[in-house]
>>> print(open('data.cif').read())   # mmCIF, C-alpha atoms and all ligand atoms
data_protein
loop_
_atom_site.label_atom_id
_atom_site.label_comp_id
_atom_site.auth_asym_id
_atom_site.auth_seq_id
_atom_site.Cartn_x
_atom_site.Cartn_y
_atom_site.Cartn_z
CA MET A 687 46.85 12.65 83.42
CA SER A 688 49.95 11.41 81.70
CA CYS A 689 49.49 8.13 79.90
CA ILE A 690 53.07 7.48 78.83
CA GLU A 691 55.99 8.90 80.77
CA THR A 692 59.59 7.93 80.06
CA LYS A 693 62.86 9.24 81.44
CA SER A 694 66.14 8.64 79.62
CA LEU A 695 64.72 5.52 77.99
CA SER A 696 67.41 3.73 75.98
CA LYS A 697 67.91 0.50 74.10
CA SER A 698 71.23 -0.53 72.60
CA TYR A 699 72.12 -3.46 70.39
CA GLY A 700 75.88 -3.68 70.66
CA VAL A 701 77.17 -0.37 69.39
CA ILE A 702 73.80 0.69 67.92
CA ASN A 703 71.75 2.98 70.13
CA ALA A 704 68.39 2.09 68.62
CA VAL A 705 66.64 4.26 71.23
CA ASP A 706 68.86 6.87 72.77
CA ASP A 707 67.89 8.70 75.95
CA ILE A 708 64.26 9.42 75.21
CA ASP A 709 62.00 11.52 77.47
CA LEU A 710 58.37 11.21 76.47
CA SER A 711 55.18 12.51 77.96
CA VAL A 712 51.87 11.66 76.34
CA ASN A 713 48.57 12.85 77.77
CA ASN A 714 45.29 10.97 77.96
CA GLY A 715 42.97 11.03 74.99
CA LYS A 716 45.58 12.28 72.56
CA ILE A 717 46.85 10.88 69.30
CA PHE A 718 50.60 11.09 69.60
CA GLY A 719 52.52 10.75 66.35
CA PHE A 720 55.96 9.21 66.33
CA LEU A 721 57.54 10.20 63.10
CA GLY A 722 60.85 9.21 61.62
CA PRO A 723 62.63 7.70 58.65
CA ASN A 724 63.38 3.97 58.40
CA GLY A 725 65.74 2.79 61.11
CA ALA A 726 65.01 5.82 63.32
CA GLY A 727 63.96 3.69 66.30
CA LYS A 728 60.17 3.79 66.06
CA THR A 729 59.55 0.05 66.31
CA THR A 730 62.11 -0.36 69.09
CA THR A 731 60.36 2.40 71.06
CA ILE A 732 56.98 0.68 70.64
CA LYS A 733 58.46 -2.64 71.75
CA LEU A 734 59.90 -0.95 74.84
CA LEU A 735 56.69 0.88 75.72
CA THR A 736 54.60 -2.27 75.30
CA THR A 737 57.07 -4.27 77.48
CA LEU A 738 57.95 -6.69 74.66
CA ILE A 739 61.66 -5.95 75.17
CA PRO A 740 63.43 -4.56 78.25
CA PRO A 741 65.26 -1.23 78.09
CA THR A 742 69.03 -0.99 78.49
CA ALA A 743 68.52 2.06 80.70
CA GLY A 744 65.90 4.54 81.84
CA THR A 745 62.45 4.38 83.39
CA MET A 746 58.91 4.29 82.04
CA LYS A 747 55.42 4.60 83.39
CA ILE A 748 52.54 3.38 81.27
CA LEU A 749 49.04 4.34 82.52
CA GLY A 750 50.68 5.21 85.80
CA ILE A 751 52.20 1.72 86.20
CA ASP A 752 55.94 1.13 86.47
CA ALA A 753 56.28 -0.85 83.24
CA ILE A 754 59.67 -2.33 84.07
CA ARG A 755 58.47 -3.77 87.36
CA SER A 756 54.96 -4.76 86.32
CA PRO A 757 54.94 -5.54 82.59
CA LEU A 758 51.99 -7.95 82.78
CA GLU A 759 49.79 -5.40 84.47
CA VAL A 760 50.57 -2.97 81.65
CA ARG A 761 49.86 -5.52 78.92
CA LYS A 762 46.34 -6.16 80.23
CA LYS A 763 45.42 -2.54 79.66
CA ILE A 764 46.95 -1.76 76.31
CA GLY A 765 46.49 -2.75 72.70
CA VAL A 766 49.32 -3.12 70.24
CA VAL A 767 49.49 -3.67 66.50
CA LEU A 768 53.05 -4.44 65.54
CA GLN A 769 54.65 -3.70 62.21
CA GLN A 770 55.20 -7.31 61.12
CA PRO A 771 52.21 -9.22 59.78
CA SER A 772 50.50 -11.54 62.20
CA TYR A 773 47.64 -13.84 61.21
CA GLU A 774 46.44 -17.42 61.25
CA PRO A 775 46.43 -18.59 57.63
CA THR A 776 43.47 -20.96 57.80
CA LEU A 777 41.17 -18.78 59.91
CA SER A 778 38.46 -16.72 58.20
CA VAL A 779 38.27 -12.97 58.70
CA GLU A 780 35.23 -13.32 60.95
CA LYS A 781 36.77 -16.12 63.01
CA SER A 782 39.98 -14.10 63.41
CA LEU A 783 38.06 -11.29 65.07
CA GLU A 784 35.96 -13.75 67.08
CA LYS A 785 39.01 -15.61 68.35
CA TYR A 786 40.73 -12.41 69.38
CA GLY A 787 37.68 -11.43 71.41
CA MET A 788 37.73 -14.84 73.12
CA MET A 789 41.42 -14.45 73.96
CA TRP A 790 40.56 -11.22 75.71
CA ASN A 791 37.59 -12.79 77.51
CA VAL A 792 35.04 -10.50 75.91
CA GLU A 793 31.61 -11.95 76.72
CA ARG A 794 29.68 -13.58 73.89
CA LYS A 795 27.03 -11.01 73.02
CA LEU A 796 29.42 -8.08 73.12
CA ARG A 797 31.89 -10.12 71.08
CA GLN A 798 29.34 -10.77 68.34
CA ASP A 799 28.31 -7.11 68.26
CA ARG A 800 31.89 -6.00 67.96
CA VAL A 801 32.67 -8.46 65.18
CA GLU A 802 29.76 -7.05 63.14
CA GLU A 803 30.73 -3.46 63.91
CA LEU A 804 34.37 -3.98 62.95
CA LEU A 805 33.53 -5.91 59.78
CA LEU A 806 31.61 -2.82 58.70
CA SER A 807 34.05 -0.18 59.93
CA PHE A 808 37.00 -1.87 58.26
CA ASP A 809 35.11 -2.66 55.08
CA LEU A 810 35.57 -6.39 55.64
CA ALA A 811 31.93 -7.54 55.58
CA GLU A 812 32.22 -9.06 52.12
CA LEU A 813 35.37 -10.89 53.12
CA ARG A 814 34.02 -12.34 56.35
CA ASN A 815 34.26 -15.97 55.21
CA ILE A 816 37.55 -15.65 53.35
CA LYS A 817 40.62 -17.23 54.93
CA ASN A 818 43.50 -14.93 55.89
CA ASP A 819 45.73 -16.89 53.56
CA GLU A 820 43.65 -15.80 50.58
CA LEU A 821 43.58 -12.10 51.42
CA SER A 822 45.74 -9.40 49.89
CA ILE A 823 48.44 -7.86 52.07
CA GLY A 824 46.32 -4.73 52.59
CA GLN A 825 43.23 -6.75 53.53
CA ARG A 826 45.25 -8.80 55.98
CA ARG A 827 46.60 -5.64 57.52
CA ARG A 828 43.07 -4.35 57.98
CA VAL A 829 42.13 -7.56 59.81
CA GLN A 830 45.24 -7.27 61.97
CA VAL A 831 44.34 -3.72 63.00
CA ALA A 832 40.58 -4.37 63.30
CA ARG A 833 40.94 -7.34 65.66
CA GLU A 834 42.80 -5.18 68.16
CA PHE A 835 39.58 -3.22 68.66
CA MET A 836 37.80 -6.37 69.88
CA HIS A 837 38.91 -5.62 73.42
CA ASP A 838 38.68 -2.62 75.72
CA MET A 839 41.87 -0.71 76.28
CA ASN A 840 43.02 2.66 77.53
CA LEU A 841 46.03 2.98 75.31
CA LEU A 842 46.73 1.68 71.82
CA PHE A 843 50.09 1.40 70.05
CA LEU A 844 50.06 1.24 66.27
CA ASP A 845 53.30 0.66 64.39
CA GLU A 846 52.90 1.97 60.83
CA PRO A 847 49.35 0.63 60.58
CA THR A 848 48.61 2.11 57.16
CA VAL A 849 51.49 0.53 55.24
CA GLY A 850 50.09 -1.53 52.38
CA LEU A 851 46.64 0.06 52.49
CA ASP A 852 45.13 1.74 49.45
CA PRO A 853 44.24 5.46 49.81
CA SER A 854 40.60 4.91 50.71
CA ALA A 855 41.35 2.17 53.29
CA ARG A 856 44.08 4.40 54.68
CA ARG A 857 41.70 7.32 55.09
CA GLY A 858 39.08 5.00 56.58
CA LEU A 859 41.51 3.72 59.19
CA LEU A 860 42.73 7.20 60.13
CA ASP A 861 39.13 8.40 60.56
CA PHE A 862 38.31 5.34 62.66
CA ILE A 863 41.29 6.05 64.94
CA LYS A 864 40.25 9.70 65.20
CA ASP A 865 36.78 8.65 66.35
CA LYS A 866 38.18 6.30 68.98
CA ALA A 867 40.40 9.09 70.30
CA LYS A 868 37.32 11.31 70.57
CA ASP A 869 35.82 8.64 72.82
CA GLY A 870 38.88 8.88 75.09
CA LEU A 871 41.35 6.33 73.70
CA THR A 872 44.99 7.42 73.76
CA VAL A 873 46.88 6.40 70.63
CA PHE A 874 50.61 6.16 70.03
CA PHE A 875 50.98 6.06 66.28
CA THR A 876 54.16 5.67 64.27
CA THR A 877 54.52 6.61 60.66
CA HIS A 878 57.10 7.82 58.21
CA LEU A 879 54.38 9.76 56.38
CA LEU A 880 54.01 13.38 57.35
CA ASN A 881 50.60 13.96 55.88
CA GLU A 882 49.20 11.17 58.07
CA ALA A 883 50.63 12.69 61.22
CA GLU A 884 49.32 16.06 60.16
CA TYR A 885 45.88 14.56 59.56
CA ILE A 886 45.28 12.81 62.88
CA CYS A 887 47.89 13.73 65.50
CA ASN A 888 47.53 16.28 68.30
CA GLU A 889 51.21 16.11 68.98
CA VAL A 890 54.16 14.87 66.98
CA ALA A 891 57.65 13.79 67.98
CA ILE A 892 60.26 13.58 65.26
CA ILE A 893 62.80 10.84 65.90
CA ASN A 894 66.05 10.26 64.08
CA LYS A 895 68.89 7.86 64.94
CA GLY A 896 67.22 6.98 68.23
CA LYS A 897 66.93 10.57 69.43
CA ILE A 898 63.91 12.82 69.63
CA ILE A 899 64.77 15.98 67.75
CA ALA A 900 61.48 17.88 68.03
CA VAL A 901 58.15 17.54 69.84
CA ASP A 902 55.16 19.77 69.23
CA SER A 903 51.75 20.08 67.65
CA PRO A 904 51.84 19.83 63.86
CA GLU A 905 50.89 23.55 63.70
CA GLU A 906 53.69 24.61 66.07
CA LEU A 907 56.24 22.51 64.20
CA LYS A 908 55.22 24.40 61.13
CA ASN A 909 55.54 27.74 62.92
CA LYS A 910 58.91 26.90 64.39
CA PHE A 911 60.57 25.31 61.41
CA GLY A 912 58.36 26.42 58.57
CA ARG A 913 58.98 30.17 58.48
CA GLU A 914 60.71 29.73 55.19
CA LYS A 915 58.27 30.26 52.35
CA THR A 916 58.53 29.95 48.63
CA ILE A 917 57.04 32.56 46.31
CA LYS A 918 57.07 32.19 42.56
CA ILE A 919 56.75 35.07 40.13
CA HIS A 920 56.34 34.47 36.43
CA LEU A 921 56.87 37.04 33.66
CA ASP A 922 55.82 35.99 30.19
CA THR A 923 58.85 37.69 28.62
CA ILE A 924 62.48 36.72 28.95
CA ARG A 925 64.32 39.45 30.85
CA LYS A 926 68.01 38.54 30.98
CA ASP A 927 68.67 41.97 32.47
CA LEU A 928 66.72 41.10 35.64
CA SER A 929 69.73 39.88 37.59
CA ASP A 930 71.28 43.32 37.09
CA LEU A 931 68.08 45.07 38.16
CA LEU A 932 67.76 42.88 41.26
CA ILE A 933 71.34 43.36 42.33
CA GLY A 934 71.70 43.49 46.12
CA ILE A 935 68.59 41.39 46.76
CA LYS A 936 69.16 38.03 48.45
CA ASP A 937 67.27 34.74 48.63
CA TYR A 938 65.97 34.54 45.09
CA GLU A 939 66.70 32.50 41.98
CA LEU A 940 66.04 33.15 38.32
CA ASP A 941 65.35 30.77 35.49
CA PHE A 942 64.19 31.38 31.95
CA ASN A 943 62.04 28.37 31.20
CA SER A 944 59.19 29.72 29.05
CA GLY A 945 59.48 33.32 30.19
CA THR A 946 61.19 34.52 33.31
CA ASN A 947 60.66 32.85 36.68
CA ILE A 948 61.73 34.42 39.94
CA THR A 949 61.65 32.06 42.91
CA ILE A 950 61.97 33.57 46.36
CA ARG A 951 62.87 31.15 49.12
CA SER A 952 63.40 33.01 52.36
CA ASN A 953 62.51 33.43 56.03
CA ASP A 954 61.59 36.99 55.11
CA SER A 955 59.88 36.10 51.87
CA GLU A 956 57.28 38.90 52.19
CA GLU A 957 59.99 41.54 52.49
CA VAL A 958 61.99 40.14 49.57
CA LEU A 959 58.79 40.01 47.53
CA LEU A 960 58.06 43.67 48.30
CA LYS A 961 61.51 44.79 47.17
CA ILE A 962 61.29 42.76 43.96
CA LEU A 963 57.79 44.11 43.20
CA GLN A 964 59.04 47.68 43.62
CA ILE A 965 61.85 47.09 41.15
CA LEU A 966 59.55 45.37 38.65
CA THR A 967 57.01 48.21 38.86
CA ALA A 968 59.69 50.90 38.55
CA ASN A 969 60.85 49.22 35.34
CA ASN A 970 57.35 48.68 33.95
CA ILE A 971 57.80 44.92 34.00
CA VAL A 972 54.47 43.06 33.94
CA ILE A 973 53.87 40.05 36.17
CA GLU A 974 51.91 37.28 34.58
CA ASP A 975 51.50 35.07 37.61
CA LEU A 976 52.42 35.09 41.28
CA SER A 977 51.95 32.25 43.77
CA ALA A 978 52.99 31.42 47.32
CA ILE A 979 53.71 27.80 48.19
CA PRO A 980 53.08 26.96 51.86
CA THR A 981 55.72 24.85 53.57
CA SER A 982 54.45 21.35 54.20
CA LEU A 983 55.24 19.31 57.26
CA GLU A 984 57.05 17.03 54.82
CA GLU A 985 59.63 19.72 54.03
CA ILE A 986 60.00 20.63 57.70
CA PHE A 987 60.54 17.00 58.59
CA LEU A 988 63.20 16.52 55.92
CA SER A 989 65.03 19.70 56.86
CA VAL A 990 64.97 18.87 60.60
CA VAL A 991 66.23 15.35 59.94
CA ASN A 992 68.94 16.59 57.58
CA LYS A 993 70.13 19.17 60.10
CA SER A 994 70.30 16.52 62.83
CA ASN A 995 72.24 14.19 60.52
CA ALA A 996 74.67 17.00 59.67
CA SER A 997 75.30 17.93 63.29
CA SER A 998 75.89 14.30 64.38
CA ASN A 999 78.42 13.61 61.63
N1 LIG A 1001 66.95 -6.95 67.41
C1 LIG A 1001 67.81 -6.08 66.90
N2 LIG A 1001 69.14 -6.35 66.85
C2 LIG A 1001 70.03 -5.47 66.34
N3 LIG A 1001 69.70 -4.25 65.87
C3 LIG A 1001 68.40 -3.89 65.90
C4 LIG A 1001 67.39 -4.79 66.40
N4 LIG A 1001 66.19 -4.16 66.31
C5 LIG A 1001 66.43 -2.95 65.75
N5 LIG A 1001 67.76 -2.78 65.51
C6 LIG A 1001 68.39 -1.57 64.92
O1 LIG A 1001 67.94 -0.45 65.64
C7 LIG A 1001 67.69 0.66 64.78
C8 LIG A 1001 66.25 1.10 64.90
O2 LIG A 1001 65.40 0.13 64.34
P1 LIG A 1001 63.81 0.24 64.36
O3 LIG A 1001 63.37 0.57 65.74
O4 LIG A 1001 63.26 -0.99 63.76
O5 LIG A 1001 63.55 1.51 63.41
P2 LIG A 1001 62.22 2.00 62.67
O6 LIG A 1001 61.08 1.23 63.22
O7 LIG A 1001 62.14 3.47 62.97
O8 LIG A 1001 62.42 1.76 61.22
C9 LIG A 1001 68.08 0.20 63.38
O9 LIG A 1001 69.41 0.59 63.15
C10 LIG A 1001 67.97 -1.32 63.48
O10 LIG A 1001 68.83 -1.94 62.57
MG MG A 1002 59.67 0.12 62.25
#
>>> encode(input="data.cif", output="structure tokens")
Amino acid sequence: MSCIETKSLSKSYGVINAVDDIDLSVNNGKIFGFLGPNGAGKTTTIKLLTTLIPPTAGTMKILGIDAIRSPLEVRKKIGVVLQQPSYEPTLSVEKSLEKYGMMWNVERKLRQDRVEELLLSFDLAELRNIKNDELSIGQRRRVQVAREFMHDMNLLFLDEPTVGLDPSARRGLLDFIKDKAKDGLTVFFTTHLLNEAEYICNEVAIINKGKIIAVDSPEELKNKFGREKTIKIHLDTIRKDLSDLLIGIKDYELDFNSGTNITIRSNDSEEVLLKILQILTANNIVIEDLSAIPTSLEEIFLSVVNKSNASSN
């Protein structure tokens, strides 16, 4: 079943189309990554989907409910962690979780169990009696995310939840989210970090200037946009005559930093490599080192965003 379904969803602020004609379809039990640079429209999309702001145009169904007609019904069934910090300064970590559970009417025993479980999962046990005010930004963020798991929900929205976390807390949170998704929770997760999306998302939408410019699994995005590969060949001698020998071959660059380096960057990198190897062999030129550099989602993302910027200018 589809968990999030939007048609032509849009939100404008004056002349700015913060969210511009978005069609989304997110299935149950998936981690859906919403990836884009700053100002792309990620937060605005989350605010729309969680009924915090009304759209300028379009329709949306959340968990099968018409979210424009019945926002309150939607809000009862979802969780949301917004981007801006939210905490009560004088409340301790433990009490923050406890209070959140009370707000959601979680019964006492279950509430206590969950507090203990979350204190452990989010590495907050030692901070349980510390007031929010006295926590670091990263610790506060962990409390803000942890407390959302005090209540049952079918769908969780997380707006850049890992910002401000150190690498181990970041990894811990991503693994925690992965586990919850295994148990059936659907997660809508925004980030501007590719490696995060690659690590936990089943599907990724790339958004730029309010528009979705690609949707696919991280693997497929790589297949579609990542055909270009980089191959580096290093010769320990300087061969200034190489450019003459390689005449007629495209998609390569030479530099002479400590020896001779040939860099092939091409959609047909294997073929270019073969031709270059033939020429090197025919001329008895010895290769000292050869390496292929796989295209990361990071590079794909940047190239897709740059192309979309170029075509809209
Ligand atoms: N309340 C608002 N009033 C005016 N412009 C806004 C408002 N909220 C967001 N915007 C604009 O909409 C665009 C998208 O913002 P946002 O959704 O916060 O992007 P992201 O979360 O991807 O960084 C930006 O150009 C931002 O300045
Ligand atoms: Mg944002």
>>> residues_near_ligand(input="data.cif", ligand="ligand LIG 1001 (chain A)", cutoff="8 Å", atoms="only C-alpha atoms and all ligand atoms", output="VMD selection string")
chain A and resid 698 to 700 702 to 705 722 to 731 845 893 to 896
>>> closest_residue(input="data.cif", among="A:Pro757, A:Ser929, A:Ile917, A:Thr745", to="A:Glu957", atoms="only C-alpha atoms")
A:Ile917
>>> closest_residue(input="data.cif", among="A:Lys918, A:Lys864, A:Lys693, A:Lys785", to="A:Ile979", atoms="only C-alpha atoms")
A:Lys918
>>> closest_residue(input="data.cif", among="A:Gly744, A:Gly858, A:Pro904, A:Pro771", to="A:Leu721", atoms="all atoms listed in the file")
A:Pro904
>>> atom_distance(input="data.cif", atom1="atom CA of A:His837", atom2="atom CA of A:Asp852")
25.8 Å
>>> atom_distance(input="data.cif", atom1="atom CA of A:Ser807", atom2="atom CA of A:Phe862")
7.5 Å
>>> residues_around(input="data.cif", residues="A:Asp752", least_positions_apart="5", cutoff="12 Å", atoms="all atoms listed in the file", output="list in words")
Cys689, Ile690, Glu691, Thr692, Lys693, Leu735, Thr736, Thr737, Gly744, Thr745, Met746, Lys747, Pro757, Leu758, Glu759, Val760 and Arg761 of chain A
>>> atom_distance(input="data.cif", atom1="atom CA of A:Asn943", atom2="atom CA of A:Asp930")
18.5 Å
>>> closest_residue(input="data.cif", among="A:Leu907, A:Ser694, A:Asp838, A:Glu974", to="A:Lys762", atoms="only C-alpha atoms")
A:Asp838
>>> closest_residue(input="data.cif", among="A:Val991, A:Leu804, A:Ile751, A:Ala743", to="A:Ala900", atoms="only C-alpha atoms")
A:Val991
